[in-house]
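structure19.pdb (PDB, C-alpha atoms)
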MODEL        1
ATOM      1  CA  MET A   1      47.414 -91.488 -88.846
ATOM      2  CA  ALA A   2      47.223 -91.838 -92.627
ATOM      3  CA  THR A   3      43.901 -92.457 -94.317
ATOM      4  CA  ALA A   4      43.445 -94.643 -97.377
ATOM      5  CA  ALA A   5      43.350 -91.496 -99.521
ATOM      6  CA  THR A   6      46.646 -90.209 -98.117
ATOM      7  CA  THR A   7      49.676 -90.836-100.306
ATOM      8  CA  THR A   8      52.777 -92.466 -98.885
ATOM      9  CA  ALA A   9      54.725 -89.241 -99.344
ATOM     10  CA  GLU A  10      52.168 -87.325 -97.276
ATOM     11  CA  ALA A  11      52.091 -89.988 -94.583
ATOM     12  CA  CYS A  12      55.881 -90.187 -94.343
ATOM     13  CA  GLY A  13      56.676 -86.539 -93.802
ATOM     14  CA  ALA A  14      56.177 -84.502 -96.959
ATOM     15  CA  SER A  15      57.129 -81.437 -94.928
ATOM     16  CA  SER A  16      60.461 -83.029 -94.031
ATOM     17  CA  MET A  17      61.150 -83.881 -97.689
ATOM     18  CA  ARG A  18      60.396 -80.274 -98.708
ATOM     19  CA  GLN A  19      62.809 -79.053 -96.039
ATOM     20  CA  THR A  20      65.493 -81.426 -97.301
ATOM     21  CA  LEU A  21      65.100 -80.101-100.848
ATOM     22  CA  GLY A  22      65.124 -76.541 -99.561
ATOM     23  CA  ARG A  23      68.350 -77.062 -97.611
ATOM     24  CA  LEU A  24      69.974 -78.811-100.576
ATOM     25  CA  ARG A  25      69.062 -75.898-102.864
ATOM     26  CA  GLU A  26      70.471 -73.386-100.374
ATOM     27  CA  LEU A  27      73.783 -75.266-100.379
ATOM     28  CA  MET A  28      73.735 -75.502-104.173
ATOM     29  CA  ARG A  29      73.176 -71.739-104.572
ATOM     30  CA  ALA A  30      75.875 -70.928-102.003
ATOM     31  CA  ARG A  31      78.375 -73.015-103.969
ATOM     32  CA  GLY A  32      77.236 -71.988-107.460
ATOM     33  CA  VAL A  33      75.853 -75.418-108.370
ATOM     34  CA  ALA A  34      73.031 -75.245-110.942
ATOM     35  CA  ALA A  35      72.030 -78.926-110.874
ATOM     36  CA  TYR A  36      72.774 -81.929-108.698
ATOM     37  CA  VAL A  37      72.441 -85.448-110.123
ATOM     38  CA  VAL A  38      71.809 -88.148-107.526
ATOM     39  CA  PRO A  39      72.268 -91.700-108.851
ATOM     40  CA  SER A  40      71.178 -94.908-107.142
ATOM     41  CA  GLY A  41      74.609 -96.428-106.700
ATOM     42  CA  ASP A  42      77.527 -95.870-104.398
ATOM     43  CA  ALA A  43      81.112 -94.922-105.255
ATOM     44  CA  HIS A  44      81.966 -98.571-105.981
ATOM     45  CA  MET A  45      78.921 -99.297-108.182
ATOM     46  CA  SER A  46      77.890-102.025-105.723
ATOM     47  CA  GLU A  47      74.708-103.967-106.340
ATOM     48  CA  TYR A  48      73.682-103.636-102.697
ATOM     49  CA  ILE A  49      74.489-100.319-101.092
ATOM     50  CA  ALA A  50      74.874 -99.330 -97.463
ATOM     51  CA  PRO A  51      72.182 -97.157 -95.871
ATOM     52  CA  SER A  52      74.691 -94.295 -95.658
ATOM     53  CA  ASP A  53      74.988 -94.330 -99.465
ATOM     54  CA  LYS A  54      71.267 -94.107-100.203
ATOM     55  CA  ARG A  55      71.426 -90.437-101.158
ATOM     56  CA  ARG A  56      68.690 -90.627-103.784
ATOM     57  CA  ALA A  57      66.230 -92.079-101.273
ATOM     58  CA  PHE A  58      67.226 -89.418 -98.731
ATOM     59  CA  VAL A  59      66.631 -86.493-101.064
ATOM     60  CA  SER A  60      63.537 -87.802-102.889
ATOM     61  CA  GLY A  61      61.854 -90.385-100.665
ATOM     62  CA  PHE A  62      61.949 -92.950-103.500
ATOM     63  CA  THR A  63      63.349 -96.255-102.208
ATOM     64  CA  GLY A  64      63.354 -98.359-105.379
ATOM     65  CA  SER A  65      66.672 -99.866-106.408
ATOM     66  CA  ALA A  66      66.851 -98.138-109.816
ATOM     67  CA  GLY A  67      66.530 -94.467-110.565
ATOM     68  CA  THR A  68      68.263 -91.131-110.925
ATOM     69  CA  ALA A  69      67.154 -87.954-109.179
ATOM     70  CA  VAL A  70      68.031 -84.481-110.412
ATOM     71  CA  VAL A  71      67.572 -81.323-108.349
ATOM     72  CA  THR A  72      68.093 -77.833-109.741
ATOM     73  CA  ALA A  73      68.880 -74.720-107.749
ATOM     74  CA  ALA A  74      66.131 -72.951-109.713
ATOM     75  CA  GLY A  75      63.448 -75.201-108.217
ATOM     76  CA  GLY A  76      63.151 -78.249-110.464
ATOM     77  CA  ALA A  77      63.245 -81.807-109.170
ATOM     78  CA  ALA A  78      62.755 -84.905-111.309
ATOM     79  CA  LEU A  79      63.213 -88.633-110.859
ATOM     80  CA  TRP A  80      63.934 -91.034-113.731
ATOM     81  CA  THR A  81      63.084 -94.678-113.202
ATOM     82  CA  ASP A  82      62.020 -97.585-115.378
ATOM     83  CA  SER A  83      58.623 -99.276-115.631
ATOM     84  CA  ARG A  84      59.296-101.649-112.737
ATOM     85  CA  TYR A  85      59.046 -98.680-110.376
ATOM     86  CA  PHE A  86      56.454 -96.308-111.926
ATOM     87  CA  LEU A  87      53.773 -97.155-109.347
ATOM     88  CA  GLN A  88      56.159 -97.154-106.384
ATOM     89  CA  ALA A  89      57.669 -93.807-107.399
ATOM     90  CA  ALA A  90      54.227 -92.261-107.887
ATOM     91  CA  LYS A  91      53.334 -93.280-104.318
ATOM     92  CA  GLN A  92      56.595 -92.227-102.695
ATOM     93  CA  LEU A  93      57.322 -88.912-104.404
ATOM     94  CA  ILE A  94      55.667 -85.625-103.594
ATOM     95  CA  MET A  95      54.340 -85.202-107.114
ATOM     96  CA  HIS A  96      53.981 -82.058-109.182
ATOM     97  CA  PRO A  97      50.238 -81.456-109.709
ATOM     98  CA  GLU A  98      50.504 -81.247-113.515
ATOM     99  CA  GLU A  99      47.278 -83.140-114.102
ATOM    100  CA  ASN A 100      45.438 -80.167-112.580
ATOM    101  CA  ASN A 101      47.439 -77.654-114.636
ATOM    102  CA  ALA A 102      48.632 -76.163-111.367
ATOM    103  CA  GLN A 103      52.148 -75.064-110.548
ATOM    104  CA  CYS A 104      53.964 -76.346-107.518
ATOM    105  CA  THR A 105      54.604 -73.322-105.330
ATOM    106  CA  CYS A 106      56.232 -75.030-102.353
ATOM    107  CA  GLY A 107      59.517 -75.909-104.094
ATOM    108  CA  GLY A 108      59.239 -79.486-102.890
ATOM    109  CA  CYS A 109      57.444 -81.245-105.734
ATOM    110  CA  TRP A 110      58.943 -83.934-107.935
ATOM    111  CA  LYS A 111      58.255 -84.806-111.544
ATOM    112  CA  LEU A 112      58.255 -88.525-112.331
ATOM    113  CA  MET A 113      60.154 -89.152-115.552
ATOM    114  CA  LYS A 114      59.136 -92.530-116.951
ATOM    115  CA  ASP A 115      62.446 -93.677-118.373
ATOM    116  CA  ARG A 116      62.548 -95.409-121.758
ATOM    117  CA  LEU A 117      59.162 -94.089-122.893
ATOM    118  CA  PRO A 118      59.384 -92.173-126.202
ATOM    119  CA  GLU A 119      57.895 -88.981-124.750
ATOM    120  CA  THR A 120      60.264 -88.873-121.746
ATOM    121  CA  LEU A 121      63.213 -86.514-121.965
ATOM    122  CA  SER A 122      66.635 -87.776-120.967
ATOM    123  CA  VAL A 123      68.338 -86.257-117.942
ATOM    124  CA  GLU A 124      70.587 -84.249-120.254
ATOM    125  CA  ALA A 125      67.700 -82.961-122.395
ATOM    126  CA  TRP A 126      65.665 -82.033-119.302
ATOM    127  CA  LEU A 127      68.585 -80.080-117.847
ATOM    128  CA  ALA A 128      69.192 -78.283-121.154
ATOM    129  CA  LYS A 129      65.545 -77.242-121.377
TER     130      LYS A 129
ENDMDL
END
Let's see the structure in the file written out as structure tokens.
Amino acid sequence: MATAATTTAEACGASSMRQTLGRLRELMRARGVAAYVVPSGDAHMSEYIAPSDKRRAFVSGFTGSAGTAVVTAAGGAALWTDSRYFLQAAKQLIMHPEENNAQCTCGGCWKLMKDRLPETLSVEAWLAK
């Protein structure tokens, strides 16, 4: 049972999310893929997408309707979303403990990229870094 201090990500199976990222990275390395971009939409750019097309929510745990996830084979994972979803994403993602100057060692942490803020890198700039 989750306590009030437990984040949504912890309560909803952080271990499972880490395993999902780990399996995705294994597949990426096996196929020579350096980065995988996971948008919100489906192949038809539908406004409402079927559960089977909710790949971003599956890989990240973030269920908001707008956002882009990026996973790298080297261990990075970041989610871009706009200000409507900053609080929701912070609750749903397994966050990188940057505020403590600690490094994520489990390979399952996400960095929340607050889209449209001046200090936030674009997906392309983050990947080039």
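You can rank A:Ala66, A:Ile94, A:Phe58, A:Leu27 by their closest distance to Ser40 (chain A) using all atoms listed in the file, and at the top of that list sits A:Ala66.
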Please evaluate the PyMOL selection byres ((chain A and resi 48-54) around 12) against the displayed coordinates and give the resulting residues as a ChimeraX atom specification. /A:38-47,55-69
The PyMOL selection byres ((chain A and resi 21) around 12) resolved against shown file, as number ranges by chain: A: 14-20, 22-28, 36, 56, 58-61, 69-78, 94, 106-110
One decimal, in Å: what's the spacing between CA of Thr81 (chain A) and CA of Arg31 (chain A)? 28.1 Å
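The shortest atom-to-atom distance to Val123 (chain A), with all atoms listed in the file taken into account, belongs to A:Val37 out of A:Lys111, A:Asp82, A:Gln88, A:Val37.
Using only C-alpha atoms, the shortest contact distance between Glu124 (chain A) and any of A:Ala30, A:Ala35, A:Ala90, A:Leu112 is found at A:Ala35.
As for CA of Ser83 (chain A) and CA of Lys129 (chain A), they are spaced 23.8 Å apart.
Atom pair CA of Leu93 (chain A) / CA of Leu127 (chain A): separated by 19.6 Å.
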Size and centre in Å, one decimal, axis-aligned box, all listed region 17-35 of chain A atoms plus 5 Å per side, as lines of an AutoDock Vina configuration file:
center_x = 69.4
center_y = -77.4
center_z = -103.5
size_x = 28.0
size_y = 23.0
size_z = 24.9
